[in-house]
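A short write-up of the structure that comes next.
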Amino acid sequence: MDKYDNSKGVGNQKSIYKNPLKIRLTGFDIDKKSFEINFWVFDHHSSMAEMIGPRLYCCCNCRNHVALHDDVISKAFQGRNGRAFLFSHAMNVSMGPKEDRHLMTGLHTVADVYCSDCREVLGWKYERAYEESQKYKEGKIILEKSKIVKENW
Ligand SMILES: [Zn+2]
């Protein structure tokens with residue numbers, strides 16, 4: 001009769017097993033308790049994996065996310081203050097008015113690109129290029145290297 005009651009106790013323990021917090025506190029059986037600890041370690045790792053996101057560039061002033069590393073077309077551009085990157089698109093930015101500018105590569109219609117949060121000027125957008133060799137830049141965005149910082153690298 002004692003043996004029968006004991007097996008019933010094990011059965012009850014299995015039903016409690018569905019709730020990890022309760023089984024850690026009861027711990028009738030050392031083997032089953034160690035299994036519970038392993039389950040928690042596994043769960044911890046799966047939630048860590050979800051935190052791995054895309055590599056981002058942020059506004060240097062307020063850390064607003066403004067571009068993805070995957071959207072870099074070229075890192076060999078010249079900005080107003082040194083090196084600049086050409087992106088296929090940016091996010092969380094605002095555009096200033098369009099204006100014609102004579103750049104080293106000829107006449108372009110461009111618009112300043114601002115951080116939509118803090119209004120820092122980060123670069124410009126090529127609205128239109130007039131020379132055939134420069135047409136690939138149309139619709140693309142320049143962000144100055146000195147105005148953006150890496151996040152999640
Ligand atoms: Zn900003």
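To be explicit about the labels: the chains of the structure tokens are called A, B, and onward in the order shown, and within each one the residues are counted from 1, while ligands get numbers from 1 in the order they are shown.
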
Expected selection as a VMD selection string for ligand 1 within 7 Å, only C-alpha atoms and all ligand atoms: chain A and resid 59 to 64 115 to 120

Selection file, N, CA and C atoms, as a short mmCIF file (atom, residue, chain, number, x, y, z; two decimals), in the first residue's frame:
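The result, written out as selection.cif:
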```
data_model
loop_
_atom_site.label_atom_id
_atom_site.label_comp_id
_atom_site.auth_asym_id
_atom_site.auth_seq_id
_atom_site.Cartn_x
_atom_site.Cartn_y
_atom_site.Cartn_z
N CYS A 59 21.78 57.63 -35.99
CA CYS A 59 22.12 59.06 -35.93
C CYS A 59 23.17 59.25 -34.83
N CYS A 60 24.24 60.00 -35.12
CA CYS A 60 25.32 60.19 -34.15
C CYS A 60 24.85 61.02 -32.96
N ASN A 61 23.77 61.76 -33.16
CA ASN A 61 23.31 62.70 -32.14
C ASN A 61 22.32 62.06 -31.16
N CYS A 62 21.34 61.28 -31.69
CA CYS A 62 20.27 60.77 -30.82
C CYS A 62 20.09 59.26 -30.90
N ARG A 63 20.90 58.55 -31.69
CA ARG A 63 20.85 57.08 -31.82
C ARG A 63 19.57 56.57 -32.46
N ASN A 64 18.86 57.42 -33.14
CA ASN A 64 17.73 57.00 -33.97
C ASN A 64 18.26 56.06 -35.06
N CYS A 115 17.80 63.69 -39.70
CA CYS A 115 17.26 62.75 -38.73
C CYS A 115 15.85 63.23 -38.37
N SER A 116 14.88 62.33 -38.43
CA SER A 116 13.49 62.74 -38.16
C SER A 116 13.26 63.03 -36.67
N ASP A 117 14.17 62.58 -35.82
CA ASP A 117 14.00 62.83 -34.38
C ASP A 117 14.65 64.15 -33.95
N CYS A 118 15.95 64.31 -34.25
CA CYS A 118 16.69 65.47 -33.70
C CYS A 118 17.02 66.51 -34.76
N ARG A 119 16.67 66.26 -36.04
CA ARG A 119 16.87 67.21 -37.15
C ARG A 119 18.33 67.41 -37.54
N GLU A 120 19.24 66.61 -37.02
CA GLU A 120 20.64 66.68 -37.44
C GLU A 120 20.71 66.38 -38.95
#
```

Test item: residues at most 12 Å from A:Arg101, only C-alpha atoms, excluding those fewer than 2 positions along its chain, as a PyMOL selection string: chain A and resi 98-99+103-112+124-130

Between atom CA of A:Tyr114 and atom CA of A:Ser94, distance in Å (one decimal):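 Distance between the two atoms: 5.0 Å.
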
Sel. of strand (DSSP E or B) residues, stretch 37-136 of chain A, as a PyMOL selection string: chain A and resi 56-59+65-68+72-79+82-87+93-103+106-115+121-129

Output file for the selection above: C-alpha atoms, as a compact mmCIF listing (two decimals), in the first residue's frame:
```
# COMPACT_ATOMS: atom_id res chain seq x y z
CA LEU A 56 22.27 49.13 -38.07
CA TYR A 57 23.57 52.65 -38.51
CA CYS A 58 22.20 55.27 -36.08
CA CYS A 59 22.12 59.06 -35.93
CA HIS A 65 18.00 54.02 -36.38
CA VAL A 66 18.55 55.51 -39.83
CA ALA A 67 19.94 52.77 -42.12
CA LEU A 68 20.71 49.07 -42.43
CA VAL A 72 25.02 49.98 -48.26
CA ILE A 73 25.79 50.30 -51.99
CA SER A 74 29.21 51.94 -51.67
CA LYS A 75 31.50 53.15 -48.90
CA ALA A 76 33.74 55.12 -51.27
CA PHE A 77 31.85 58.42 -51.50
CA GLN A 78 33.00 61.89 -50.58
CA GLY A 79 30.77 63.85 -48.19
CA GLY A 82 35.11 63.37 -45.37
CA ARG A 83 34.05 59.84 -46.19
CA ALA A 84 30.38 59.09 -46.88
CA PHE A 85 28.36 55.95 -47.65
CA LEU A 86 25.79 55.50 -50.42
CA PHE A 87 22.63 53.64 -49.31
CA VAL A 93 14.75 60.52 -41.92
CA SER A 94 13.18 63.66 -43.42
CA MET A 95 14.05 65.39 -46.69
CA GLY A 96 14.73 69.09 -47.15
CA PRO A 97 13.74 71.05 -50.30
CA LYS A 98 15.18 69.91 -53.65
CA GLU A 99 17.98 72.04 -55.02
CA ASP A 100 20.48 71.85 -57.88
CA ARG A 101 24.10 71.45 -56.86
CA HIS A 102 27.29 71.23 -58.88
CA LEU A 103 29.15 68.31 -57.34
CA GLY A 106 28.47 67.08 -62.31
CA LEU A 107 25.10 68.73 -61.84
CA HIS A 108 22.63 66.95 -59.56
CA THR A 109 19.28 67.74 -57.96
CA VAL A 110 19.64 66.84 -54.30
CA ALA A 111 17.74 67.21 -51.02
CA ASP A 112 19.30 67.34 -47.57
CA VAL A 113 18.54 64.32 -45.37
CA TYR A 114 17.72 65.04 -41.71
CA CYS A 115 17.26 62.75 -38.73
CA VAL A 121 21.70 66.89 -41.12
CA LEU A 122 23.07 63.42 -41.92
CA GLY A 123 23.66 63.69 -45.66
CA TRP A 124 21.60 64.11 -48.84
CA LYS A 125 19.43 62.28 -51.32
CA TYR A 126 20.14 62.24 -55.05
CA GLU A 127 16.79 63.18 -56.56
CA ARG A 128 18.14 63.53 -60.09
CA ALA A 129 21.43 63.13 -61.93
```

Atom CA of A:Lys135 to atom CA of A:Lys147, distance in Å rounded to a single decimal: 25.2 Å

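With atom CA of A:Lys150 on one side and atom CA of A:Asp71 on the other, the separation reads 13.6 Å.
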
A:Arg55 environment, 7 Å, only C-alpha atoms, sequence neighbours closer than 4 positions dropped, as a list in words: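 In the requested form, the answer reads Leu68, His69, Glu151, Asn152 and Trp153 of chain A.
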
Write to file, as a PDB file, in the first residue's frame, the residues of the selection just made, with N, CA and C atoms.
```pdb
ATOM      1  N   LEU A  68      20.253  50.439 -42.646  1.00  0.00           N
ATOM      2  CA  LEU A  68      20.712  49.066 -42.432  1.00  0.00           C
ATOM      3  C   LEU A  68      22.030  48.845 -43.154  1.00  0.00           C
ATOM      4  N   HIS A  69      22.916  48.094 -42.518  1.00  0.00           N
ATOM      5  CA  HIS A  69      24.182  47.761 -43.170  1.00  0.00           C
ATOM      6  C   HIS A  69      23.951  47.056 -44.507  1.00  0.00           C
ATOM      7  N   GLU A 151      25.424  50.207 -34.705  1.00  0.00           N
ATOM      8  CA  GLU A 151      24.759  49.574 -33.558  1.00  0.00           C
ATOM      9  C   GLU A 151      24.478  48.122 -33.890  1.00  0.00           C
ATOM     10  N   ASN A 152      24.671  47.250 -32.886  1.00  0.00           N
ATOM     11  CA  ASN A 152      24.355  45.820 -33.032  1.00  0.00           C
ATOM     12  C   ASN A 152      25.339  45.104 -33.951  1.00  0.00           C
ATOM     13  N   TRP A 153      26.643  45.515 -33.953  1.00  0.00           N
ATOM     14  CA  TRP A 153      27.660  44.873 -34.799  1.00  0.00           C
ATOM     15  C   TRP A 153      28.440  43.870 -33.983  1.00  0.00           C
TER      16      TRP A 153
END
```
